[in-house]
Each structure stands twice: as C-alpha cells, then as structure tokens.
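Visitor: Below you'll find coords07.cif; it's mmCIF, C-alpha atoms.
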```
data_run
#
loop_
_atom_site.label_atom_id
_atom_site.label_comp_id
_atom_site.auth_asym_id
_atom_site.auth_seq_id
_atom_site.Cartn_x
_atom_site.Cartn_y
_atom_site.Cartn_z
CA MET A 487 0.00 0.00 0.00
CA ALA A 488 1.31 3.29 -0.91
CA ASP A 489 1.94 5.78 1.83
CA GLN A 490 -0.51 8.62 1.66
CA GLN A 491 0.49 11.86 3.23
CA GLU A 492 -2.10 13.83 5.07
CA THR A 493 -2.32 17.34 3.96
CA ARG A 494 -2.76 19.74 6.81
CA GLN A 495 -3.92 23.30 6.60
CA PRO A 496 -1.42 25.69 8.07
CA GLN A 497 -2.59 27.10 11.45
CA PRO A 498 -1.99 30.70 12.37
CA ASP A 499 0.49 31.38 15.13
CA VAL A 500 -1.46 32.21 18.34
CA ALA A 501 0.22 33.27 21.52
CA VAL A 502 -0.77 31.24 24.50
CA ASP A 503 -0.61 32.57 28.03
CA GLY A 504 0.59 30.61 31.00
CA ALA A 505 -2.87 29.07 31.60
CA GLY A 506 -3.19 28.14 28.05
CA SER A 507 -5.98 30.65 27.23
CA GLN A 508 -5.86 33.26 24.54
CA PRO A 509 -6.31 37.05 25.31
CA ALA A 510 -9.43 38.85 24.05
CA PRO A 511 -8.86 40.96 21.02
CA ALA A 512 -8.57 44.75 21.64
CA PRO A 513 -11.73 46.76 20.77
CA ASP A 514 -11.61 49.05 17.78
CA THR A 515 -11.65 52.42 19.72
CA PRO A 516 -9.53 55.42 18.83
CA VAL A 517 -6.66 55.94 21.22
CA GLU A 518 -6.71 59.41 22.90
CA GLN A 519 -3.60 61.39 22.47
CA PRO A 520 -2.19 62.64 25.78
CA GLU A 521 -2.39 66.46 26.24
CA THR A 522 0.75 68.35 25.71
CA ALA A 523 2.37 70.08 28.67
CA GLU A 524 1.54 73.50 27.21
CA GLU A 525 -2.19 72.68 26.98
CA ARG A 526 -2.27 71.43 30.57
CA ALA A 527 -0.49 74.59 31.76
CA ALA A 528 -2.90 76.80 29.79
CA GLU A 529 -5.88 75.04 31.38
CA ARG A 530 -4.43 75.51 34.86
CA VAL A 531 -3.80 79.22 34.17
CA GLU A 532 -7.37 79.65 32.91
CA GLU A 533 -8.72 77.97 36.05
CA ASP A 534 -6.54 80.18 38.26
CA LEU A 535 -7.70 83.29 36.38
CA GLY A 536 -11.32 82.28 36.86
CA GLU A 537 -10.81 81.80 40.56
CA LEU A 538 -8.99 85.14 40.83
CA ARG A 539 -11.83 86.90 38.99
CA MET A 540 -14.35 85.34 41.34
CA ARG A 541 -12.34 86.38 44.40
CA ALA A 542 -11.89 89.90 43.00
CA ALA A 543 -15.66 90.19 42.50
CA GLN A 544 -16.25 89.02 46.08
CA ARG A 545 -13.64 91.46 47.35
CA ASP A 546 -15.31 94.33 45.47
CA GLU A 547 -18.68 93.33 46.89
CA TYR A 548 -17.33 93.19 50.45
CA LEU A 549 -15.51 96.49 49.97
CA ALA A 550 -18.67 98.20 48.71
CA LEU A 551 -20.61 96.77 51.66
CA ALA A 552 -17.96 97.97 54.10
CA GLN A 553 -17.96 101.44 52.53
CA ARG A 554 -21.76 101.65 52.71
CA THR A 555 -21.70 100.52 56.33
CA GLN A 556 -19.01 103.06 57.18
CA ALA A 557 -20.96 105.86 55.45
CA ASP A 558 -24.15 104.84 57.28
CA PHE A 559 -22.31 104.82 60.60
CA GLU A 560 -20.72 108.21 59.90
CA ASN A 561 -24.12 109.69 59.02
CA TYR A 562 -25.58 108.16 62.20
CA ARG A 563 -22.73 109.55 64.31
CA LYS A 564 -23.18 113.04 62.85
CA ARG A 565 -26.93 112.92 63.33
CA MET A 566 -26.51 111.81 66.95
CA ALA A 567 -23.96 114.58 67.57
CA ARG A 568 -26.36 117.18 66.09
CA GLU A 569 -29.26 115.87 68.14
CA ALA A 570 -27.15 115.81 71.31
CA ALA A 571 -25.99 119.39 70.69
CA THR A 572 -29.57 120.51 70.03
CA ALA A 573 -30.82 118.78 73.18
CA ARG A 574 -27.98 120.29 75.21
CA GLU A 575 -28.69 123.77 73.88
CA ARG A 576 -32.43 123.36 74.51
CA GLY A 577 -31.78 122.24 78.09
CA MET A 578 -29.32 125.08 78.60
CA ARG A 579 -31.83 127.62 77.32
CA GLN A 580 -34.47 126.37 79.73
CA VAL A 581 -32.11 126.60 82.71
CA VAL A 582 -30.87 130.04 81.72
CA GLU A 583 -34.37 131.36 81.10
CA GLU A 584 -35.22 130.30 84.66
CA LEU A 585 -32.04 131.87 86.10
CA LEU A 586 -32.12 135.20 84.29
CA PRO A 587 -34.94 136.78 86.30
CA ALA A 588 -33.01 136.00 89.50
CA LEU A 589 -29.88 137.54 87.99
CA ASP A 590 -31.87 140.63 86.97
CA ASN A 591 -33.15 140.97 90.53
CA PHE A 592 -29.57 140.67 91.84
CA GLU A 593 -28.53 143.58 89.66
CA ARG A 594 -31.53 145.73 90.65
CA ALA A 595 -30.95 145.04 94.33
CA LEU A 596 -27.25 145.90 93.97
CA ALA A 597 -28.01 149.14 92.15
CA ALA A 598 -30.47 150.15 94.87
CA ALA A 599 -28.09 149.12 97.67
CA GLU A 600 -25.15 151.00 96.15
CA ALA A 601 -27.31 154.12 95.80
CA GLU A 602 -28.37 154.06 99.44
CA GLU A 603 -25.62 152.19 101.28
CA GLY A 604 -23.83 153.58 104.27
CA ASP A 605 -20.44 152.50 105.53
CA GLU A 606 -21.95 149.66 107.56
CA ASP A 607 -23.64 148.21 104.46
CA HIS A 608 -20.55 148.35 102.23
CA HIS A 609 -19.34 144.81 103.04
CA LEU A 610 -22.77 143.27 102.47
CA THR A 611 -23.06 144.97 99.06
CA GLN A 612 -19.59 143.75 98.10
CA GLY A 613 -20.54 140.19 99.06
CA ILE A 614 -23.71 140.32 96.98
CA ARG A 615 -21.74 141.76 94.05
CA LEU A 616 -19.26 138.85 94.26
CA VAL A 617 -22.11 136.32 94.16
CA GLN A 618 -23.60 138.11 91.14
CA GLN A 619 -20.22 138.15 89.37
CA ASP A 620 -19.68 134.44 90.08
CA LEU A 621 -23.07 133.65 88.58
CA VAL A 622 -22.30 135.68 85.43
CA ALA A 623 -18.88 133.98 85.15
CA ALA A 624 -20.48 130.52 85.48
CA LEU A 625 -22.89 131.36 82.65
CA GLY A 626 -19.94 132.58 80.56
CA ARG A 627 -18.10 129.28 81.05
CA VAL A 628 -20.95 127.37 79.44
CA GLY A 629 -21.11 129.77 76.49
CA ILE A 630 -23.79 132.21 77.68
CA GLU A 631 -22.90 135.85 77.31
CA SER A 632 -24.78 139.01 78.16
CA PHE A 633 -24.95 142.01 75.85
CA SER A 634 -25.95 145.59 76.48
CA PRO A 635 -26.44 147.41 73.15
CA LYS A 636 -26.44 151.02 74.32
CA GLY A 637 -25.36 153.29 71.46
CA GLU A 638 -25.97 150.64 68.80
CA ASN A 639 -28.60 150.76 66.08
CA PHE A 640 -31.84 149.08 67.06
CA ASP A 641 -32.03 145.49 65.75
CA PRO A 642 -35.41 143.80 66.19
CA ASN A 643 -33.71 140.37 66.02
CA GLN A 644 -31.69 141.15 69.15
CA HIS A 645 -33.50 144.00 70.89
CA GLU A 646 -36.97 144.51 72.28
CA ALA A 647 -38.03 148.19 72.31
CA ILE A 648 -40.05 149.06 75.40
CA SER A 649 -40.33 152.74 74.46
CA GLN A 650 -39.27 155.27 71.86
CA GLN A 651 -38.49 158.87 72.73
CA PRO A 652 -36.64 161.82 71.28
CA VAL A 653 -33.17 162.23 72.78
CA GLU A 654 -31.02 165.27 72.05
CA GLY A 655 -27.86 164.39 70.15
CA ALA A 656 -28.96 160.79 69.43
CA GLN A 657 -29.66 159.52 65.94
CA PRO A 658 -33.20 158.17 65.43
CA GLY A 659 -33.24 154.37 65.74
CA THR A 660 -30.31 154.33 68.16
CA VAL A 661 -30.51 152.48 71.50
CA VAL A 662 -30.24 155.20 74.16
CA ASP A 663 -30.92 153.16 77.28
CA VAL A 664 -30.91 149.48 78.26
CA TYR A 665 -33.61 148.48 80.70
CA GLN A 666 -32.64 144.78 80.73
CA GLN A 667 -29.54 143.10 79.30
CA GLY A 668 -29.86 140.53 76.56
CA TYR A 669 -28.28 137.08 76.58
CA ARG A 670 -26.89 134.85 73.83
CA LEU A 671 -25.93 131.19 73.68
CA ALA A 672 -23.51 130.24 70.89
CA GLY A 673 -24.47 133.40 69.00
CA ASN A 674 -28.21 132.72 69.26
CA VAL A 675 -30.32 135.15 71.26
CA ILE A 676 -31.85 133.53 74.34
CA ARG A 677 -33.41 136.73 75.54
CA PRO A 678 -33.42 140.03 73.62
CA ALA A 679 -32.20 143.15 75.36
CA ARG A 680 -35.07 145.40 76.44
CA VAL A 681 -34.17 148.91 75.30
CA VAL A 682 -35.27 152.51 74.86
CA VAL A 683 -34.86 153.73 71.28
CA ALA A 684 -34.31 157.32 70.13
CA ALA A 685 -37.15 158.69 68.03
#
```
Represent the structure from my file as structure tokens, please.

Guide:
Amino acid sequence: MADQQETRQPQPDVAVDGAGSQPAPAPDTPVEQPETAEERAAERVEEDLGELRMRAAQRDEYLALAQRTQADFENYRKRMAREAATARERGMRQVVEELLPALDNFERALAAAEAEEGDEDHHLTQGIRLVQQDLVAALGRVGIESFSPKGENFDPNQHEAISQQPVEGAQPGTVVDVYQQGYRLAGNVIRPARVVVAA
C-alpha cells in the first residue's frame, strides 16, 4: 500500500498565556492622544484666572458693603452729635431762662443798695456783688454771654423796644438806654435786650 500523506492546513500562530488561554482581542476604539504640557499649563492658568476673577468680584462686593456701612455709621454719628448738641442747647436755654430773672433781681438790688448804702452796708453789698459776678462767670463758662447794646442801632432780632423817645444828640433808631440786658448762647439770642430807642 502506498503511503498517503495527510495534507494539513497551516494554522496561524497564536500566543498562548501561561494558563493556556488566549487574550481577548482589543476593541476598535480610537486611542486618545495625551495632552501636551503646554495645553495642561494653559488650562491651569485659565482655572486660576477664573478663581482670581471670582475672588476679586467678592472682594469688590465686600468692599462696597464695608464702605456703605461706614458711610451709614458716619451719618448716624453726625446725626446723633447734632441731636445731642440741640438737646444740650435746649436744656441750657431752659435753665438760663429760669435763672435770668433772679440775675436781673440781683442787679436791681445791687443798684439800689449801692445808691443808698452807708459805711456799715458796704461789706454786704460787696458780698452780693461777688455772688452776682460768680453767677455771670459761670454762665460765661458754658457759652452764655450778656450784651448791652447802648449806642448801637436798634435790631429787632436782638433788641426789644419798650419805648421810643426823642433824645437830644442821638440819631433816630439808636438804642439810648438798656432796661434789661440781653443774653446769647452760641451766637443765638436767648433773651433780647429790652431797650429805649431814640425817636
């Protein structure tokens, strides 16, 4: 019998792993190219810039809020200072208006005593005069000043005319006599001077 050779189909070469199994074929997906270093740096810079812009916007918002709060507080402080000054002046006016009649009576009593005093009364009159001067000085220390406008032109904002009469040598409208002194507080008239005006 003649030897017949078996013809075998050639088998492809397949790699076999240690367990004898073959690896799964790789899927047909495109391979992503890794970013370049420049692109990664640009992205980081853009992120940093975005964060800086956000922080700058927050800073501006906080700064505006702080400025508004400071302005509100400054306005409040000024308003409170004005109100305190007004209240202080109002209280001062009330006290002074109550004291002035007593001061007027002091001066009238002193004028009468000095016109009639004898030697034995001299020390009493001096003592009363010192008390009167101390009272006037105390008023001056808190900003209250007296004014006696004799010889000045009559000013209805500061003077109250109790009479008008012709006086030789005096210009019409001039204050020729002061019946009662006027008083001012910080330039504002508390009580006008009561005067006689030349006709």

Visitor: What does the distance from CA of Arg574 in chain A to CA of Ser632 in chain A come to in Å, to one decimal?

Guide: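 Between CA of Arg574 in chain A and CA of Ser632 in chain A the gap works out to 19.2 Å.
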
Visitor: For the atom pair CA of Ala528 in chain A and CA of Ala543 in chain A, what is the interatomic distance in Å to one decimal place?

Guide: 22.4 Å

Visitor: What does the structure give for the distance between CA of Arg680 in chain A and CA of Gln612 in chain A, in Å to one decimal?

Guide: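 The value is 26.7 Å.
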
Visitor: Apply the PyMOL selection byres ((chain A and resi 647) around 9) to the file shown and report the selected residues as a ChimeraX atom specification.

Guide: /A:640,642,645-646,648-650,661,679-683

Visitor: Tell me, as a count of residues only, which residues lie within 9 Å of Glu638 in chain A, counting only C-alpha atoms; anything in the same chain fewer than 3 positions away does not count.

Guide: 6

Visitor: Please write the residues picked by the PyMOL selection byres ((chain A and resi 625) around 12) on this file as a list in words.

Guide: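 Matching residues under the PyMOL selection byres ((chain A and resi 625) around 12) are Met578, Arg579, Val581, Val582, Glu583, Leu585, Leu586, Leu589, Gln618, Gln619, Asp620, Leu621, Val622, Ala623, Ala624, Gly626, Arg627, Val628, Gly629, Ile630, Glu631, Ser632, Tyr669, Arg670, Leu671 and Ala672 of chain A.
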
Visitor: Check which residues of range 613-667 of chain A sit at most 9 Å from range 592-603 of chain A using only C-alpha atoms, and return one row each with the closest pair of atoms and their distance in Å to one decimal, ordered by chain and rising number, as CSV.

Guide:
```
residue,atom,partner,partner_atom,distance
A:Ile614,CA,A:Leu596,CA,7.3
A:Arg615,CA,A:Leu596,CA,6.9
A:Val617,CA,A:Phe592,CA,8.9
A:Gln618,CA,A:Phe592,CA,6.5
```

Visitor: Quick one: what's the axis-aligned box for range 569-582 of chain A, all listed atoms, 4 Å on every side, centre and edges in Å to one decimal, as AutoDock Vina command-line options?

Guide:
```
--center_x -30.2 --center_y 122.9 --center_z 75.4 --size_x 16.5 --size_y 22.2 --size_z 22.6
```

Visitor: Determine the residue membership of the PyMOL selection byres ((chain A and resi 667) around 6) for the file above and supply it as a list in words.

Guide: Phe633, Ser634, Gln666, Gly668 and Ala679 of chain A
